[in-house]
>>> print(open('final_32.tsv').read())   # TSV, N, CA and C atoms and all ligand atoms
chain	number	residue	atom	x	y	z
S	1	MET	N	-39.46	-12.35	73.50
S	1	MET	CA	-40.86	-11.90	73.44
S	1	MET	C	-41.54	-12.44	72.18
S	2	LYS	N	-40.77	-12.44	71.04
S	2	LYS	CA	-41.37	-12.91	69.79
S	2	LYS	C	-41.75	-14.38	69.88
S	3	ASP	N	-40.98	-15.17	70.64
S	3	ASP	CA	-41.33	-16.58	70.80
S	3	ASP	C	-42.65	-16.73	71.54
S	4	LEU	N	-42.83	-15.89	72.56
S	4	LEU	CA	-44.04	-15.95	73.38
S	4	LEU	C	-45.29	-15.67	72.54
S	5	PHE	N	-45.16	-14.73	71.61
S	5	PHE	CA	-46.31	-14.35	70.79
S	5	PHE	C	-46.16	-14.82	69.34
S	6	SER	N	-45.41	-15.86	69.13
S	6	SER	CA	-45.14	-16.32	67.77
S	6	SER	C	-46.43	-16.70	67.03
S	7	LEU	N	-46.52	-16.27	65.79
S	7	LEU	CA	-47.65	-16.62	64.92
S	7	LEU	C	-47.17	-17.52	63.78
S	8	GLU	N	-46.05	-18.16	63.99
S	8	GLU	CA	-45.47	-19.04	62.97
S	8	GLU	C	-46.50	-20.07	62.52
S	9	GLY	N	-46.72	-20.13	61.21
S	9	GLY	CA	-47.65	-21.11	60.66
S	9	GLY	C	-49.10	-20.66	60.64
S	10	LYS	N	-49.40	-19.55	61.30
S	10	LYS	CA	-50.79	-19.04	61.30
S	10	LYS	C	-51.07	-18.32	59.98
S	11	LYS	N	-52.31	-18.39	59.55
S	11	LYS	CA	-52.74	-17.75	58.31
S	11	LYS	C	-53.63	-16.56	58.67
S	12	ALA	N	-53.23	-15.37	58.21
S	12	ALA	CA	-53.95	-14.15	58.61
S	12	ALA	C	-54.45	-13.37	57.40
S	13	VAL	N	-55.65	-12.84	57.52
S	13	VAL	CA	-56.22	-11.97	56.49
S	13	VAL	C	-56.56	-10.63	57.15
S	14	VAL	N	-56.05	-9.54	56.56
S	14	VAL	CA	-56.31	-8.20	57.07
S	14	VAL	C	-57.18	-7.47	56.06
S	15	VAL	N	-58.44	-7.27	56.40
S	15	VAL	CA	-59.35	-6.55	55.51
S	15	VAL	C	-59.19	-5.05	55.78
S	16	GLY	N	-59.08	-4.27	54.70
S	16	GLY	CA	-58.69	-2.87	54.84
S	16	GLY	C	-57.17	-2.77	54.92
S	17	GLY	N	-56.52	-3.79	54.43
S	17	GLY	CA	-55.06	-3.91	54.55
S	17	GLY	C	-54.27	-2.89	53.75
S	18	ALA	N	-54.93	-2.18	52.84
S	18	ALA	CA	-54.22	-1.14	52.11
S	18	ALA	C	-54.29	0.20	52.83
S	19	GLY	N	-55.05	0.26	53.92
S	19	GLY	CA	-55.17	1.49	54.70
S	19	GLY	C	-54.08	1.62	55.74
S	20	GLY	N	-54.11	2.73	56.45
S	20	GLY	CA	-53.06	3.02	57.43
S	20	GLY	C	-52.99	1.99	58.55
S	21	MET	N	-54.12	1.74	59.20
S	21	MET	CA	-54.14	0.76	60.29
S	21	MET	C	-53.83	-0.64	59.75
S	22	GLY	N	-54.48	-0.98	58.64
S	22	GLY	CA	-54.35	-2.33	58.09
S	22	GLY	C	-52.93	-2.69	57.71
S	23	ARG	N	-52.25	-1.77	57.05
S	23	ARG	CA	-50.89	-2.10	56.60
S	23	ARG	C	-49.95	-2.24	57.79
S	24	GLY	N	-50.18	-1.42	58.83
S	24	GLY	CA	-49.35	-1.53	60.04
S	24	GLY	C	-49.57	-2.86	60.75
S	25	ILE	N	-50.83	-3.25	60.87
S	25	ILE	CA	-51.16	-4.53	61.51
S	25	ILE	C	-50.62	-5.69	60.68
S	26	ALA	N	-50.79	-5.60	59.36
S	26	ALA	CA	-50.29	-6.67	58.49
S	26	ALA	C	-48.78	-6.85	58.65
S	27	GLY	N	-48.06	-5.74	58.70
S	27	GLY	CA	-46.61	-5.81	58.88
S	27	GLY	C	-46.24	-6.47	60.21
S	28	GLY	N	-46.98	-6.13	61.26
S	28	GLY	CA	-46.72	-6.74	62.57
S	28	GLY	C	-46.98	-8.23	62.55
S	29	LEU	N	-48.04	-8.64	61.89
S	29	LEU	CA	-48.36	-10.07	61.81
S	29	LEU	C	-47.26	-10.83	61.06
S	30	VAL	N	-46.75	-10.22	59.98
S	30	VAL	CA	-45.65	-10.85	59.24
S	30	VAL	C	-44.43	-10.97	60.14
S	31	ASP	N	-44.13	-9.90	60.87
S	31	ASP	CA	-42.94	-9.90	61.74
S	31	ASP	C	-43.02	-10.98	62.81
S	32	TYR	N	-44.25	-11.34	63.20
S	32	TYR	CA	-44.40	-12.38	64.23
S	32	TYR	C	-44.60	-13.77	63.62
S	33	GLY	N	-44.38	-13.87	62.31
S	33	GLY	CA	-44.29	-15.19	61.69
S	33	GLY	C	-45.50	-15.66	60.90
S	34	ALA	N	-46.58	-14.88	60.87
S	34	ALA	CA	-47.78	-15.33	60.17
S	34	ALA	C	-47.62	-15.23	58.66
S	35	ASP	N	-48.37	-16.06	57.95
S	35	ASP	CA	-48.53	-15.91	56.51
S	35	ASP	C	-49.71	-14.96	56.34
S	36	VAL	N	-49.48	-13.83	55.67
S	36	VAL	CA	-50.45	-12.74	55.69
S	36	VAL	C	-50.97	-12.41	54.29
S	37	ALA	N	-52.29	-12.16	54.23
S	37	ALA	CA	-52.90	-11.62	53.02
S	37	ALA	C	-53.63	-10.34	53.40
S	38	ILE	N	-53.54	-9.34	52.54
S	38	ILE	CA	-54.33	-8.14	52.76
S	38	ILE	C	-55.44	-8.09	51.72
S	39	ALA	N	-56.57	-7.53	52.12
S	39	ALA	CA	-57.72	-7.41	51.22
S	39	ALA	C	-58.26	-5.99	51.31
S	40	ASP	N	-58.64	-5.44	50.17
S	40	ASP	CA	-59.10	-4.05	50.18
S	40	ASP	C	-59.90	-3.77	48.91
S	41	VAL	N	-60.70	-2.70	48.96
S	41	VAL	CA	-61.49	-2.30	47.81
S	41	VAL	C	-60.68	-1.43	46.85
S	42	ASN	N	-59.59	-0.88	47.33
S	42	ASN	CA	-58.76	0.03	46.54
S	42	ASN	C	-57.67	-0.77	45.81
S	43	ALA	N	-57.94	-1.10	44.55
S	43	ALA	CA	-57.06	-2.00	43.80
S	43	ALA	C	-55.64	-1.45	43.65
S	44	ASP	N	-55.52	-0.17	43.36
S	44	ASP	CA	-54.18	0.41	43.14
S	44	ASP	C	-53.35	0.37	44.41
S	45	ALA	N	-53.97	0.83	45.52
S	45	ALA	CA	-53.24	0.84	46.79
S	45	ALA	C	-52.93	-0.58	47.24
S	46	LEU	N	-53.85	-1.48	46.98
S	46	LEU	CA	-53.67	-2.88	47.39
S	46	LEU	C	-52.39	-3.47	46.78
S	47	GLU	N	-52.24	-3.27	45.48
S	47	GLU	CA	-51.07	-3.79	44.77
S	47	GLU	C	-49.78	-3.17	45.32
S	48	GLN	N	-49.84	-1.86	45.51
S	48	GLN	CA	-48.66	-1.13	45.98
S	48	GLN	C	-48.28	-1.54	47.40
S	49	ILE	N	-49.28	-1.64	48.27
S	49	ILE	CA	-49.00	-1.96	49.68
S	49	ILE	C	-48.53	-3.41	49.84
S	50	SER	N	-49.14	-4.33	49.10
S	50	SER	CA	-48.70	-5.73	49.24
S	50	SER	C	-47.25	-5.88	48.75
S	51	ALA	N	-46.90	-5.17	47.67
S	51	ALA	CA	-45.52	-5.21	47.17
S	51	ALA	C	-44.58	-4.59	48.19
S	52	ASN	N	-45.01	-3.48	48.79
S	52	ASN	CA	-44.17	-2.80	49.78
S	52	ASN	C	-43.97	-3.65	51.04
S	53	LEU	N	-45.05	-4.28	51.50
S	53	LEU	CA	-44.94	-5.15	52.68
S	53	LEU	C	-44.02	-6.33	52.40
S	54	THR	N	-44.18	-6.91	51.20
S	54	THR	CA	-43.34	-8.04	50.82
S	54	THR	C	-41.87	-7.65	50.83
S	55	GLU	N	-41.59	-6.45	50.30
S	55	GLU	CA	-40.21	-5.99	50.22
S	55	GLU	C	-39.64	-5.64	51.60
S	56	THR	N	-40.41	-4.92	52.39
S	56	THR	CA	-39.86	-4.42	53.66
S	56	THR	C	-39.85	-5.49	54.76
S	57	HIS	N	-40.73	-6.49	54.65
S	57	HIS	CA	-40.79	-7.51	55.71
S	57	HIS	C	-40.21	-8.85	55.26
S	58	GLY	N	-39.79	-8.93	53.99
S	58	GLY	CA	-39.06	-10.10	53.53
S	58	GLY	C	-39.88	-11.37	53.42
S	59	LYS	N	-41.18	-11.24	53.25
S	59	LYS	CA	-42.03	-12.42	53.11
S	59	LYS	C	-43.21	-12.06	52.21
S	60	ASP	N	-43.58	-12.99	51.35
S	60	ASP	CA	-44.64	-12.68	50.39
S	60	ASP	C	-45.96	-12.37	51.08
S	61	VAL	N	-46.55	-11.23	50.76
S	61	VAL	CA	-47.86	-10.86	51.29
S	61	VAL	C	-48.86	-10.86	50.13
S	62	ARG	N	-49.83	-11.76	50.20
S	62	ARG	CA	-50.85	-11.89	49.16
S	62	ARG	C	-51.79	-10.68	49.20
S	63	SER	N	-52.53	-10.49	48.12
S	63	SER	CA	-53.55	-9.45	48.13
S	63	SER	C	-54.81	-9.93	47.43
S	64	TYR	N	-55.94	-9.48	47.94
S	64	TYR	CA	-57.23	-9.82	47.37
S	64	TYR	C	-58.08	-8.56	47.27
S	65	LEU	N	-58.72	-8.40	46.12
S	65	LEU	CA	-59.65	-7.29	45.95
S	65	LEU	C	-60.98	-7.70	46.56
S	66	VAL	N	-61.54	-6.87	47.43
S	66	VAL	CA	-62.83	-7.18	48.03
S	66	VAL	C	-63.59	-5.89	48.29
S	67	ASP	N	-64.90	-5.96	48.13
S	67	ASP	CA	-65.77	-4.86	48.55
S	67	ASP	C	-66.66	-5.41	49.65
S	68	CYS	N	-66.38	-5.01	50.88
S	68	CYS	CA	-67.09	-5.59	52.02
S	68	CYS	C	-68.53	-5.13	52.14
S	69	THR	N	-68.99	-4.25	51.26
S	69	THR	CA	-70.41	-3.92	51.24
S	69	THR	C	-71.19	-4.96	50.44
S	70	SER	N	-70.49	-5.89	49.82
S	70	SER	CA	-71.13	-6.94	49.01
S	70	SER	C	-70.91	-8.32	49.63
S	71	ASP	N	-72.00	-9.00	49.99
S	71	ASP	CA	-71.90	-10.36	50.53
S	71	ASP	C	-71.16	-11.28	49.56
S	72	ASP	N	-71.48	-11.17	48.28
S	72	ASP	CA	-70.85	-12.04	47.28
S	72	ASP	C	-69.34	-11.82	47.24
S	73	SER	N	-68.95	-10.56	47.31
S	73	SER	CA	-67.52	-10.26	47.25
S	73	SER	C	-66.80	-10.82	48.48
S	74	VAL	N	-67.43	-10.72	49.66
S	74	VAL	CA	-66.81	-11.27	50.88
S	74	VAL	C	-66.70	-12.79	50.77
S	75	ARG	N	-67.75	-13.44	50.25
S	75	ARG	CA	-67.70	-14.90	50.09
S	75	ARG	C	-66.56	-15.29	49.14
S	76	GLN	N	-66.40	-14.51	48.07
S	76	GLN	CA	-65.31	-14.80	47.13
S	76	GLN	C	-63.96	-14.63	47.79
S	77	LEU	N	-63.85	-13.65	48.67
S	77	LEU	CA	-62.59	-13.46	49.41
S	77	LEU	C	-62.30	-14.68	50.28
S	78	VAL	N	-63.32	-15.14	51.03
S	78	VAL	CA	-63.14	-16.30	51.90
S	78	VAL	C	-62.74	-17.52	51.07
S	79	ASP	N	-63.45	-17.76	49.98
S	79	ASP	CA	-63.15	-18.92	49.14
S	79	ASP	C	-61.72	-18.85	48.60
S	80	ALA	N	-61.32	-17.67	48.12
S	80	ALA	CA	-59.98	-17.52	47.54
S	80	ALA	C	-58.90	-17.67	48.60
S	81	ALA	N	-59.12	-17.07	49.77
S	81	ALA	CA	-58.10	-17.15	50.83
S	81	ALA	C	-57.94	-18.58	51.33
S	82	VAL	N	-59.05	-19.28	51.50
S	82	VAL	CA	-58.97	-20.67	51.99
S	82	VAL	C	-58.34	-21.56	50.91
S	83	ALA	N	-58.67	-21.31	49.65
S	83	ALA	CA	-58.08	-22.10	48.56
S	83	ALA	C	-56.56	-21.89	48.51
S	84	ASP	N	-56.13	-20.64	48.70
S	84	ASP	CA	-54.70	-20.33	48.58
S	84	ASP	C	-53.91	-20.64	49.84
S	85	MET	N	-54.53	-20.41	51.01
S	85	MET	CA	-53.77	-20.52	52.27
S	85	MET	C	-54.15	-21.76	53.09
S	86	GLY	N	-55.20	-22.44	52.68
S	86	GLY	CA	-55.62	-23.65	53.38
S	86	GLY	C	-56.66	-23.39	54.46
S	87	ARG	N	-56.53	-22.28	55.16
S	87	ARG	CA	-57.47	-21.89	56.22
S	87	ARG	C	-57.17	-20.45	56.61
S	88	VAL	N	-58.02	-19.89	57.45
S	88	VAL	CA	-57.75	-18.55	58.01
S	88	VAL	C	-57.82	-18.67	59.52
S	89	ASP	N	-56.68	-18.41	60.20
S	89	ASP	CA	-56.62	-18.46	61.67
S	89	ASP	C	-56.89	-17.10	62.30
S	90	VAL	N	-56.49	-16.04	61.59
S	90	VAL	CA	-56.57	-14.68	62.15
S	90	VAL	C	-57.28	-13.80	61.14
S	91	LEU	N	-58.35	-13.13	61.58
S	91	LEU	CA	-59.04	-12.16	60.72
S	91	LEU	C	-59.00	-10.80	61.40
S	92	VAL	N	-58.48	-9.80	60.67
S	92	VAL	CA	-58.46	-8.43	61.19
S	92	VAL	C	-59.35	-7.58	60.29
S	93	ASN	N	-60.35	-6.95	60.88
S	93	ASN	CA	-61.20	-6.04	60.12
S	93	ASN	C	-60.73	-4.61	60.40
S	94	ALA	N	-59.99	-4.04	59.45
S	94	ALA	CA	-59.43	-2.70	59.64
S	94	ALA	C	-59.88	-1.76	58.54
S	95	LEU	N	-61.01	-2.10	57.93
S	95	LEU	CA	-61.48	-1.21	56.87
S	95	LEU	C	-62.21	-0.02	57.46
S	96	GLY	N	-62.30	1.01	56.68
S	96	GLY	CA	-63.02	2.19	57.15
S	96	GLY	C	-63.48	3.03	55.99
S	97	TYR	N	-64.48	3.82	56.24
S	97	TYR	CA	-64.97	4.74	55.22
S	97	TYR	C	-65.31	6.03	55.94
S	98	ASN	N	-64.50	7.05	55.74
S	98	ASN	CA	-64.69	8.32	56.44
S	98	ASN	C	-64.88	9.45	55.44
S	99	PHE	N	-65.76	10.36	55.76
S	99	PHE	CA	-65.91	11.55	54.94
S	99	PHE	C	-66.33	12.72	55.82
S	100	LYS	N	-66.02	13.93	55.35
S	100	LYS	CA	-66.43	15.13	56.08
S	100	LYS	C	-67.59	15.76	55.32
S	101	ALA	N	-68.68	16.05	56.03
S	101	ALA	CA	-69.83	16.69	55.38
S	101	ALA	C	-70.66	17.38	56.45
S	102	PRO	N	-71.34	18.46	56.08
S	102	PRO	CA	-72.21	19.14	57.04
S	102	PRO	C	-73.39	18.24	57.42
S	103	PRO	N	-73.99	18.45	58.61
S	103	PRO	CA	-75.09	17.59	59.06
S	103	PRO	C	-76.25	17.51	58.07
S	104	SER	N	-76.41	18.55	57.24
S	104	SER	CA	-77.53	18.57	56.30
S	104	SER	C	-77.25	17.77	55.03
S	105	SER	N	-76.03	17.28	54.87
S	105	SER	CA	-75.66	16.61	53.63
S	105	SER	C	-76.42	15.30	53.43
S	106	SER	N	-76.80	15.04	52.18
S	106	SER	CA	-77.48	13.78	51.87
S	106	SER	C	-76.53	12.59	51.97
S	107	ARG	N	-75.21	12.87	52.03
S	107	ARG	CA	-74.25	11.77	52.11
S	107	ARG	C	-74.44	10.95	53.39
S	108	TRP	N	-75.01	11.54	54.45
S	108	TRP	CA	-75.19	10.80	55.69
S	108	TRP	C	-76.20	9.66	55.52
S	109	THR	N	-77.09	9.77	54.55
S	109	THR	CA	-78.11	8.73	54.40
S	109	THR	C	-77.95	7.93	53.11
S	110	SER	N	-76.93	8.27	52.30
S	110	SER	CA	-76.84	7.59	51.00
S	110	SER	C	-75.92	6.38	51.02
S	111	GLY	N	-75.34	6.04	52.18
S	111	GLY	CA	-74.47	4.87	52.26
S	111	GLY	C	-73.12	5.15	51.64
S	112	THR	N	-72.38	4.09	51.33
S	112	THR	CA	-71.04	4.26	50.78
S	112	THR	C	-71.13	4.54	49.30
S	113	SER	N	-70.05	5.03	48.75
S	113	SER	CA	-70.03	5.35	47.32
S	113	SER	C	-69.05	4.46	46.58
S	114	SER	N	-68.80	3.29	47.15
S	114	SER	CA	-67.82	2.42	46.54
S	114	SER	C	-68.24	2.01	45.14
S	115	SER	N	-67.29	2.06	44.21
S	115	SER	CA	-67.59	1.65	42.84
S	115	SER	C	-66.66	0.54	42.39
S	116	ALA	N	-66.02	-0.10	43.37
S	116	ALA	CA	-65.04	-1.12	43.01
S	116	ALA	C	-65.69	-2.40	42.53
S	117	SER	N	-64.89	-3.18	41.84
S	117	SER	CA	-65.32	-4.50	41.42
S	117	SER	C	-65.69	-5.34	42.62
S	118	THR	N	-66.64	-6.24	42.47
S	118	THR	CA	-67.04	-7.11	43.58
S	118	THR	C	-66.39	-8.46	43.50
S	119	SER	N	-65.41	-8.61	42.63
S	119	SER	CA	-64.78	-9.92	42.54
S	119	SER	C	-63.46	-9.92	43.31
S	120	ALA	N	-63.21	-11.03	44.00
S	120	ALA	CA	-61.95	-11.17	44.72
S	120	ALA	C	-60.94	-11.83	43.79
S	121	ALA	N	-59.75	-11.33	43.79
S	121	ALA	CA	-58.70	-11.91	42.95
S	121	ALA	C	-57.39	-11.88	43.69
S	122	SER	N	-56.59	-12.90	43.55
S	122	SER	CA	-55.30	-12.92	44.24
S	122	SER	C	-54.25	-12.33	43.34
J	201	LIG	N1	-56.22	5.65	62.26
J	201	LIG	C1	-56.55	5.64	63.54
J	201	LIG	O1	-55.84	6.19	64.42
J	201	LIG	C2	-57.79	4.90	63.99
J	201	LIG	C3	-58.06	4.81	65.35
J	201	LIG	C4	-59.18	4.09	65.77
J	201	LIG	C5	-60.02	3.52	64.85
J	201	LIG	N2	-59.75	3.65	63.53
J	201	LIG	C6	-60.67	3.01	62.60
J	201	LIG	O2	-59.96	1.97	61.94
J	201	LIG	C7	-60.44	1.86	60.60
J	201	LIG	C8	-59.27	2.02	59.63
J	201	LIG	O3	-58.65	3.29	59.84
J	201	LIG	P1	-57.48	3.81	58.90
J	201	LIG	O4	-56.93	5.02	59.54
J	201	LIG	O5	-56.57	2.68	58.56
J	201	LIG	O6	-58.31	4.23	57.60
J	201	LIG	P2	-57.79	4.24	56.08
J	201	LIG	O7	-58.76	5.11	55.35
J	201	LIG	O8	-56.34	4.56	56.00
J	201	LIG	O9	-57.97	2.73	55.61
J	201	LIG	C9	-59.24	2.16	55.43
J	201	LIG	C10	-59.13	1.14	54.31
J	201	LIG	O10	-60.41	0.50	54.20
J	201	LIG	C11	-60.63	0.29	52.82
J	201	LIG	N3	-62.05	0.14	52.55
J	201	LIG	C12	-63.01	1.10	52.58
J	201	LIG	N4	-64.20	0.59	52.22
J	201	LIG	C13	-63.99	-0.73	51.96
J	201	LIG	C14	-64.83	-1.79	51.52
J	201	LIG	N5	-66.13	-1.59	51.27
J	201	LIG	N6	-64.29	-3.02	51.34
J	201	LIG	C15	-62.97	-3.23	51.57
J	201	LIG	N7	-62.12	-2.26	51.98
J	201	LIG	C16	-62.62	-1.02	52.17
J	201	LIG	C17	-60.05	1.54	52.16
J	201	LIG	O11	-59.80	1.34	50.76
J	201	LIG	C18	-58.78	1.77	52.97
J	201	LIG	O12	-57.66	1.14	52.39
J	201	LIG	C19	-61.51	2.93	60.43
J	201	LIG	O13	-62.78	2.35	60.64
J	201	LIG	C20	-61.17	3.94	61.50
J	201	LIG	O14	-62.31	4.66	61.89
J	201	LIG	C21	-58.66	4.31	63.08
>>> encode(input="final_32.tsv", output="structure tokens", more="lines below")
Ligand SMILES: NC(=O)c1ccc[n+]([C@@H]2O[C@H](COP(=O)([O-])OP(=O)(O)OC[C@H]3O[C@@H](n4cnc5c(N)ncnc54)[C@H](O)[C@@H]3O)[C@@H](O)[C@H]2O)c1
Amino acid sequence: MKDLFSLEGKKAVVVGGAGGMGRGIAGGLVDYGADVAIADVNADALEQISANLTETHGKDVRSYLVDCTSDDSVRQLVDAAVADMGRVDVLVNALGYNFKAPPSSSRWTSGTSSSASTSAAS
């Protein structure tokens, strides 16, 4: 089955890769042979998850800091990933921003509260 769905030689970027869905998808992509990078706004989790994926799946998983609410930050991610990996064959968007608040809360209209750096770094 793995031969049928082999991703050997493919370059994959998982945005939101430090989250629950993202890290699971990233691990699956590695298991099927892809070279994988995860990107996320959460710098601490990003470092921890990329190290964990590298250890548990036996292949280096790159990481990039990105804030997808910023066009500049996304462009920097694309530039860095293409510079490091040569190209991107697979893009997974698994980021999310969830919060619980009553319908009257101003949070529904104030957008995200991300305070992360907008620079991408490997
Ligand atoms: N978990 C599920 O069962 C499930 C099912 C269906 C859909 N989803 C959707 O999939 C997405 C991911 O779900 P999850 O459970 O992995 O959530 P999660 O909270 O575990 O992960 C989301 C990740 O996105 C990152 N993120 C948030 N804002 C970002 C930004 N501006 N730039 C870059 N990264 C950012 C977070 O730091 C986090 O690591 C969500 O949109 C969720 O609604 C989840």
>>> closest_atom_pairs(input="final_32.tsv", of="chain S", to="ligand LIG 201 (chain J)", cutoff="6 Å", atoms="all atoms listed in the file", output="CSV")
residue,atom,partner,partner_atom,distance
S:Val15,C,J:LIG201,N7,5.6
S:Gly16,CA,J:LIG201,O10,3.8
S:Gly17,C,J:LIG201,O12,5.4
S:Ala18,C,J:LIG201,O12,3.5
S:Gly19,N,J:LIG201,O12,3.2
S:Gly20,N,J:LIG201,O8,2.9
S:Met21,N,J:LIG201,O5,2.7
S:Gly22,N,J:LIG201,O5,4.2
S:Ala39,C,J:LIG201,N7,5.4
S:Asp40,CA,J:LIG201,N7,3.9
S:Val41,N,J:LIG201,N7,3.4
S:Asn42,N,J:LIG201,O11,4.1
S:Val66,C,J:LIG201,N6,4.2
S:Asp67,CA,J:LIG201,N6,3.7
S:Cys68,N,J:LIG201,N6,2.9
S:Thr69,N,J:LIG201,N5,3.9
S:Ala94,C,J:LIG201,C8,4.0
S:Leu95,CA,J:LIG201,O10,3.3
S:Gly96,N,J:LIG201,O10,3.2
S:Tyr97,N,J:LIG201,C12,4.8
>>> residues_near_point(input="final_32.tsv", point="(-48.4, -17.0, 54.6)", cutoff="12 Å", atoms="only C-alpha atoms", output="tab-separated table (two decimals) with N, CA and C atoms, in the coordinates of the input")
chain	number	residue	atom	x	y	z
S	7	LEU	N	-46.52	-16.27	65.79
S	7	LEU	CA	-47.65	-16.62	64.92
S	7	LEU	C	-47.17	-17.52	63.78
S	8	GLU	N	-46.05	-18.16	63.99
S	8	GLU	CA	-45.47	-19.04	62.97
S	8	GLU	C	-46.50	-20.07	62.52
S	9	GLY	N	-46.72	-20.13	61.21
S	9	GLY	CA	-47.65	-21.11	60.66
S	9	GLY	C	-49.10	-20.66	60.64
S	10	LYS	N	-49.40	-19.55	61.30
S	10	LYS	CA	-50.79	-19.04	61.30
S	10	LYS	C	-51.07	-18.32	59.98
S	11	LYS	N	-52.31	-18.39	59.55
S	11	LYS	CA	-52.74	-17.75	58.31
S	11	LYS	C	-53.63	-16.56	58.67
S	12	ALA	N	-53.23	-15.37	58.21
S	12	ALA	CA	-53.95	-14.15	58.61
S	12	ALA	C	-54.45	-13.37	57.40
S	13	VAL	N	-55.65	-12.84	57.52
S	13	VAL	CA	-56.22	-11.97	56.49
S	13	VAL	C	-56.56	-10.63	57.15
S	26	ALA	N	-50.79	-5.60	59.36
S	26	ALA	CA	-50.29	-6.67	58.49
S	26	ALA	C	-48.78	-6.85	58.65
S	29	LEU	N	-48.04	-8.64	61.89
S	29	LEU	CA	-48.36	-10.07	61.81
S	29	LEU	C	-47.26	-10.83	61.06
S	30	VAL	N	-46.75	-10.22	59.98
S	30	VAL	CA	-45.65	-10.85	59.24
S	30	VAL	C	-44.43	-10.97	60.14
S	31	ASP	N	-44.13	-9.90	60.87
S	31	ASP	CA	-42.94	-9.90	61.74
S	31	ASP	C	-43.02	-10.98	62.81
S	32	TYR	N	-44.25	-11.34	63.20
S	32	TYR	CA	-44.40	-12.38	64.23
S	32	TYR	C	-44.60	-13.77	63.62
S	33	GLY	N	-44.38	-13.87	62.31
S	33	GLY	CA	-44.29	-15.19	61.69
S	33	GLY	C	-45.50	-15.66	60.90
S	34	ALA	N	-46.58	-14.88	60.87
S	34	ALA	CA	-47.78	-15.33	60.17
S	34	ALA	C	-47.62	-15.23	58.66
S	35	ASP	N	-48.37	-16.06	57.95
S	35	ASP	CA	-48.53	-15.91	56.51
S	35	ASP	C	-49.71	-14.96	56.34
S	36	VAL	N	-49.48	-13.83	55.67
S	36	VAL	CA	-50.45	-12.74	55.69
S	36	VAL	C	-50.97	-12.41	54.29
S	37	ALA	N	-52.29	-12.16	54.23
S	37	ALA	CA	-52.90	-11.62	53.02
S	37	ALA	C	-53.63	-10.34	53.40
S	38	ILE	N	-53.54	-9.34	52.54
S	38	ILE	CA	-54.33	-8.14	52.76
S	38	ILE	C	-55.44	-8.09	51.72
S	54	THR	N	-44.18	-6.91	51.20
S	54	THR	CA	-43.34	-8.04	50.82
S	54	THR	C	-41.87	-7.65	50.83
S	58	GLY	N	-39.79	-8.93	53.99
S	58	GLY	CA	-39.06	-10.10	53.53
S	58	GLY	C	-39.88	-11.37	53.42
S	59	LYS	N	-41.18	-11.24	53.25
S	59	LYS	CA	-42.03	-12.42	53.11
S	59	LYS	C	-43.21	-12.06	52.21
S	60	ASP	N	-43.58	-12.99	51.35
S	60	ASP	CA	-44.64	-12.68	50.39
S	60	ASP	C	-45.96	-12.37	51.08
S	61	VAL	N	-46.55	-11.23	50.76
S	61	VAL	CA	-47.86	-10.86	51.29
S	61	VAL	C	-48.86	-10.86	50.13
S	62	ARG	N	-49.83	-11.76	50.20
S	62	ARG	CA	-50.85	-11.89	49.16
S	62	ARG	C	-51.79	-10.68	49.20
S	63	SER	N	-52.53	-10.49	48.12
S	63	SER	CA	-53.55	-9.45	48.13
S	63	SER	C	-54.81	-9.93	47.43
S	81	ALA	N	-59.12	-17.07	49.77
S	81	ALA	CA	-58.10	-17.15	50.83
S	81	ALA	C	-57.94	-18.58	51.33
S	82	VAL	N	-59.05	-19.28	51.50
S	82	VAL	CA	-58.97	-20.67	51.99
S	82	VAL	C	-58.34	-21.56	50.91
S	84	ASP	N	-56.13	-20.64	48.70
S	84	ASP	CA	-54.70	-20.33	48.58
S	84	ASP	C	-53.91	-20.64	49.84
S	85	MET	N	-54.53	-20.41	51.01
S	85	MET	CA	-53.77	-20.52	52.27
S	85	MET	C	-54.15	-21.76	53.09
S	86	GLY	N	-55.20	-22.44	52.68
S	86	GLY	CA	-55.62	-23.65	53.38
S	86	GLY	C	-56.66	-23.39	54.46
S	87	ARG	N	-56.53	-22.28	55.16
S	87	ARG	CA	-57.47	-21.89	56.22
S	87	ARG	C	-57.17	-20.45	56.61
S	88	VAL	N	-58.02	-19.89	57.45
S	88	VAL	CA	-57.75	-18.55	58.01
S	88	VAL	C	-57.82	-18.67	59.52
S	89	ASP	N	-56.68	-18.41	60.20
S	89	ASP	CA	-56.62	-18.46	61.67
S	89	ASP	C	-56.89	-17.10	62.30
S	90	VAL	N	-56.49	-16.04	61.59
S	90	VAL	CA	-56.57	-14.68	62.15
S	90	VAL	C	-57.28	-13.80	61.14
>>> atom_distance(input="final_32.tsv", atom1="atom C of S:Leu77", atom2="atom C of S:Thr109")
27.6 Å
>>> atom_distance(input="final_32.tsv", atom1="atom CA of S:Ile25", atom2="atom CA of S:Val92")
8.3 Å
>>> atom_distance(input="final_32.tsv", atom1="atom CA of S:Phe99", atom2="atom CA of S:Ala45")
18.5 Å
>>> select_by_dssp(input="final_32.tsv", residues="chain S", states="helix (DSSP H, G or I)", output="PyMOL selection string")
chain S and resi 20-31+43-57+71-85+106-108
>>> closest_residue(input="final_32.tsv", among="S:Thr56, S:Gly28, S:Asp79, S:Leu65", to="S:Asp44", atoms="only C-alpha atoms")
S:Leu65
>>> select_by_dssp(input="final_32.tsv", residues="chain S", states="strand (DSSP E)", output="ChimeraX atom specification")
/S:11-15,35-40,62-65,90-93
